[in-house]
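Novice: Just passing along the structure, written as structure tokens.
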Amino acid sequence: MKELQLIIKQKYLDEIIAGTKNREYREIRPTTSRKYINYICNGVEYHNPDDVPVEGEVDIVPIKYDAIRFFAGYNKDRDSALVEVKGATIEFLVDENGDDIVYEYNGEEYVAAQIVYDLGKVIEKNV
């Protein structure tokens, strides 16, 4: 089982366990992209953005995870839950005019995006 580990606030973990929160959103940043996405160029999938060829159109796809292990905060003695991932999509963020939001990081331009995980059943919990 391929598992992603994420830190969240206790209140959101409680909502996931109760079944009232069924989506988790994470901003895709240059510093976190390897956790969330792969790149496809010329029919080849790449995990490392530095390996993607300069020529050709590049698409991004969610990394497939079977489950997410959520941890409430950073303490050693913390609540956690392993939750099924039913699916994941990438949403590009736009401004009030419908234009892509673009920002600069280390001299390179990036389009703002987030990944949305559709959550399923709670597989195990430690509360």
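To be explicit about the labels: the chains of the structure tokens are called A, B, and onward in the order shown, and within each one the residues are counted from 1, while ligands get numbers from 1 in the order they are shown.
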Excluding Ile8 of chain A and any residue of its chain fewer than 2 positions from it, enumerate the residues within 7 Å of it, using only C-alpha atoms, and give them as a JSON list (two decimals) with C-alpha atoms, in the first residue's frame.
Specialist:
```json
[["chain", "number", "residue", "atom", "x", "y", "z"],
["A", 6, "LEU", "CA", 0.41, 14.63, 6.26],
["A", 10, "GLN", "CA", -6.71, 18.08, 15.54],
["A", 12, "TYR", "CA", -9.69, 18.42, 10.97],
["A", 13, "LEU", "CA", -8.53, 14.95, 12.00],
["A", 70, "PHE", "CA", -2.93, 12.00, 8.97],
["A", 71, "PHE", "CA", -1.12, 13.14, 12.12],
["A", 72, "ALA", "CA", -2.57, 15.78, 14.45],
["A", 73, "GLY", "CA", 0.30, 18.19, 15.05]]
```
Novice: Got a sec to tell me which of chain A DSSP assigns to helix (DSSP H, G or I), as JSON, numbers by chain?
Specialist: {"A": [10, 11, 12, 13, 14, 15, 16, 17, 18, 33, 34, 35, 36, 49, 50, 51]}
Novice: Which residue out of A:Val111, A:Val94, A:Ile40, A:Ile17 has the minimum interatomic distance to Asp79 of chain A when only C-alpha atoms are used?
Specialist: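 Closest candidate: A:Ile17.
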Novice: Compile the contact shell of segment 23-39 of chain A as a ChimeraX atom specification: residues with an atom at most 6 Å away, counting only C-alpha atoms, same-chain residues fewer than 6 positions apart removed.
Specialist: /A:45-47,59-63,113-119
Novice: Selection from above, C-alpha atoms, as a short mmCIF file (atom, residue, chain, number, x, y, z; two decimals), in the first residue's frame, can you write it?
Specialist:
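Done, and the output landed in part08.cif:
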```
data_model
loop_
_atom_site.label_atom_id
_atom_site.label_comp_id
_atom_site.auth_asym_id
_atom_site.auth_seq_id
_atom_site.Cartn_x
_atom_site.Cartn_y
_atom_site.Cartn_z
CA GLU A 45 6.46 10.01 -16.74
CA TYR A 46 9.08 11.69 -14.54
CA HIS A 47 9.16 12.12 -10.78
CA ASP A 59 1.58 17.80 -18.10
CA ILE A 60 1.35 17.08 -14.40
CA VAL A 61 -0.50 14.17 -12.81
CA PRO A 62 -1.16 13.26 -9.18
CA ILE A 63 1.07 10.63 -7.63
CA ALA A 113 -2.10 24.84 -8.16
CA GLN A 114 -3.48 22.57 -5.48
CA ILE A 115 -4.06 18.86 -5.21
CA VAL A 116 -7.40 17.61 -3.93
CA TYR A 117 -7.62 14.17 -2.33
CA ASP A 118 -11.02 12.48 -2.18
CA LEU A 119 -11.06 10.55 1.09
#
```
Novice: Using only C-alpha atoms, find the one residue out of A:Val102, A:Ile7, A:Val122, A:Val44 that sits nearest to Asn22 of chain A.
Specialist: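 Closest candidate: A:Val122.
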Novice: DSSP on the backbone: which residues in chain A end up as strand (DSSP E or B)? Give the answer as a PyMOL selection string.
Specialist: chain A and resi 3-8+23-28+37-41+44-46+58-62+67-72+80-92+94+100+102-105+108-111+113-126
Novice: Restricting it to C-alpha atoms, dump the selection as a PDB file, in the first residue's frame.
Specialist:
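Just written: result20.pdb:
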```pdb
ATOM      1  CA  GLU A   3       0.911   5.843   1.816  1.00  0.00           C
ATOM      2  CA  LEU A   4       1.286   9.638   2.063  1.00  0.00           C
ATOM      3  CA  GLN A   5       1.881  11.211   5.469  1.00  0.00           C
ATOM      4  CA  LEU A   6       0.411  14.627   6.262  1.00  0.00           C
ATOM      5  CA  ILE A   7       0.203  16.839   9.355  1.00  0.00           C
ATOM      6  CA  ILE A   8      -3.166  18.462  10.100  1.00  0.00           C
ATOM      7  CA  ARG A  23     -11.570  16.088   0.955  1.00  0.00           C
ATOM      8  CA  GLU A  24      -8.050  17.263   1.759  1.00  0.00           C
ATOM      9  CA  TYR A  25      -6.479  20.175  -0.120  1.00  0.00           C
ATOM     10  CA  ARG A  26      -2.747  20.867  -0.389  1.00  0.00           C
ATOM     11  CA  GLU A  27      -1.020  23.648  -2.295  1.00  0.00           C
ATOM     12  CA  ILE A  28       1.530  22.354  -4.774  1.00  0.00           C
ATOM     13  CA  ILE A  37       2.863  15.168  -8.552  1.00  0.00           C
ATOM     14  CA  ASN A  38       4.687  13.558 -11.446  1.00  0.00           C
ATOM     15  CA  TYR A  39       5.437  15.124 -14.821  1.00  0.00           C
ATOM     16  CA  ILE A  40       4.588  13.688 -18.231  1.00  0.00           C
ATOM     17  CA  CYS A  41       6.537  14.821 -21.306  1.00  0.00           C
ATOM     18  CA  VAL A  44       7.215   9.510 -20.447  1.00  0.00           C
ATOM     19  CA  GLU A  45       6.456  10.014 -16.743  1.00  0.00           C
ATOM     20  CA  TYR A  46       9.079  11.692 -14.545  1.00  0.00           C
ATOM     21  CA  VAL A  58       4.635  19.012 -19.989  1.00  0.00           C
ATOM     22  CA  ASP A  59       1.575  17.805 -18.102  1.00  0.00           C
ATOM     23  CA  ILE A  60       1.352  17.082 -14.397  1.00  0.00           C
ATOM     24  CA  VAL A  61      -0.504  14.173 -12.813  1.00  0.00           C
ATOM     25  CA  PRO A  62      -1.158  13.262  -9.180  1.00  0.00           C
ATOM     26  CA  ALA A  67      -4.031   5.974   1.690  1.00  0.00           C
ATOM     27  CA  ILE A  68      -3.061   9.048   3.680  1.00  0.00           C
ATOM     28  CA  ARG A  69      -1.831   8.794   7.250  1.00  0.00           C
ATOM     29  CA  PHE A  70      -2.928  11.995   8.969  1.00  0.00           C
ATOM     30  CA  PHE A  71      -1.122  13.139  12.120  1.00  0.00           C
ATOM     31  CA  ALA A  72      -2.570  15.779  14.450  1.00  0.00           C
ATOM     32  CA  SER A  80      -3.459   9.770  13.847  1.00  0.00           C
ATOM     33  CA  ALA A  81      -5.600   8.002  11.283  1.00  0.00           C
ATOM     34  CA  LEU A  82      -4.963   6.049   8.104  1.00  0.00           C
ATOM     35  CA  VAL A  83      -7.587   6.979   5.511  1.00  0.00           C
ATOM     36  CA  GLU A  84      -8.307   5.509   2.087  1.00  0.00           C
ATOM     37  CA  VAL A  85      -7.694   7.751  -0.948  1.00  0.00           C
ATOM     38  CA  LYS A  86     -10.478   7.307  -3.501  1.00  0.00           C
ATOM     39  CA  GLY A  87      -8.955   9.722  -6.012  1.00  0.00           C
ATOM     40  CA  ALA A  88      -6.890  12.844  -6.548  1.00  0.00           C
ATOM     41  CA  THR A  89      -7.186  15.799  -8.899  1.00  0.00           C
ATOM     42  CA  ILE A  90      -5.106  18.870  -9.616  1.00  0.00           C
ATOM     43  CA  GLU A  91      -6.776  22.286  -9.665  1.00  0.00           C
ATOM     44  CA  PHE A  92      -5.046  25.330 -11.113  1.00  0.00           C
ATOM     45  CA  VAL A  94      -7.152  31.550 -10.926  1.00  0.00           C
ATOM     46  CA  ASP A 100      -3.950  31.706 -13.914  1.00  0.00           C
ATOM     47  CA  VAL A 102       1.530  32.966 -11.535  1.00  0.00           C
ATOM     48  CA  TYR A 103       4.273  33.501  -8.966  1.00  0.00           C
ATOM     49  CA  GLU A 104       8.049  33.474  -8.966  1.00  0.00           C
ATOM     50  CA  TYR A 105      10.270  31.208  -6.899  1.00  0.00           C
ATOM     51  CA  GLU A 108      11.424  30.733 -12.133  1.00  0.00           C
ATOM     52  CA  GLU A 109       7.734  31.238 -12.797  1.00  0.00           C
ATOM     53  CA  TYR A 110       5.144  28.760 -11.539  1.00  0.00           C
ATOM     54  CA  VAL A 111       1.392  28.480 -11.974  1.00  0.00           C
ATOM     55  CA  ALA A 113      -2.104  24.841  -8.161  1.00  0.00           C
ATOM     56  CA  GLN A 114      -3.476  22.575  -5.477  1.00  0.00           C
ATOM     57  CA  ILE A 115      -4.061  18.861  -5.208  1.00  0.00           C
ATOM     58  CA  VAL A 116      -7.399  17.610  -3.933  1.00  0.00           C
ATOM     59  CA  TYR A 117      -7.618  14.166  -2.334  1.00  0.00           C
ATOM     60  CA  ASP A 118     -11.019  12.477  -2.177  1.00  0.00           C
ATOM     61  CA  LEU A 119     -11.058  10.547   1.085  1.00  0.00           C
ATOM     62  CA  GLY A 120     -12.736   7.212   1.674  1.00  0.00           C
ATOM     63  CA  LYS A 121     -13.090   5.034   4.723  1.00  0.00           C
ATOM     64  CA  VAL A 122     -10.947   5.268   7.832  1.00  0.00           C
ATOM     65  CA  ILE A 123      -8.730   2.179   7.732  1.00  0.00           C
ATOM     66  CA  GLU A 124      -7.272   2.596  11.211  1.00  0.00           C
ATOM     67  CA  LYS A 125      -7.187   5.243  13.899  1.00  0.00           C
ATOM     68  CA  ASN A 126      -5.025   5.972  16.916  1.00  0.00           C
TER      69      ASN A 126
END
```
Novice: Find the distance between atom CA of Lys2 of chain A and atom CA of Lys64 of chain A and write it in Å to one decimal.
Specialist: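 Atom-to-atom, atom CA of Lys2 of chain A and atom CA of Lys64 of chain A are spaced 7.7 Å apart.
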Novice: Atom CA of Tyr74 of chain A and atom CA of Val127 of chain A, how far apart in Å?
Specialist: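 Atom-to-atom, atom CA of Val127 of chain A and atom CA of Tyr74 of chain A are spaced 14.5 Å apart.
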Novice: Work out how far apart atom CA of Asp50 of chain A and atom CA of Gly107 of chain A are and give it in Å to one decimal.
Specialist: 15.1 Å
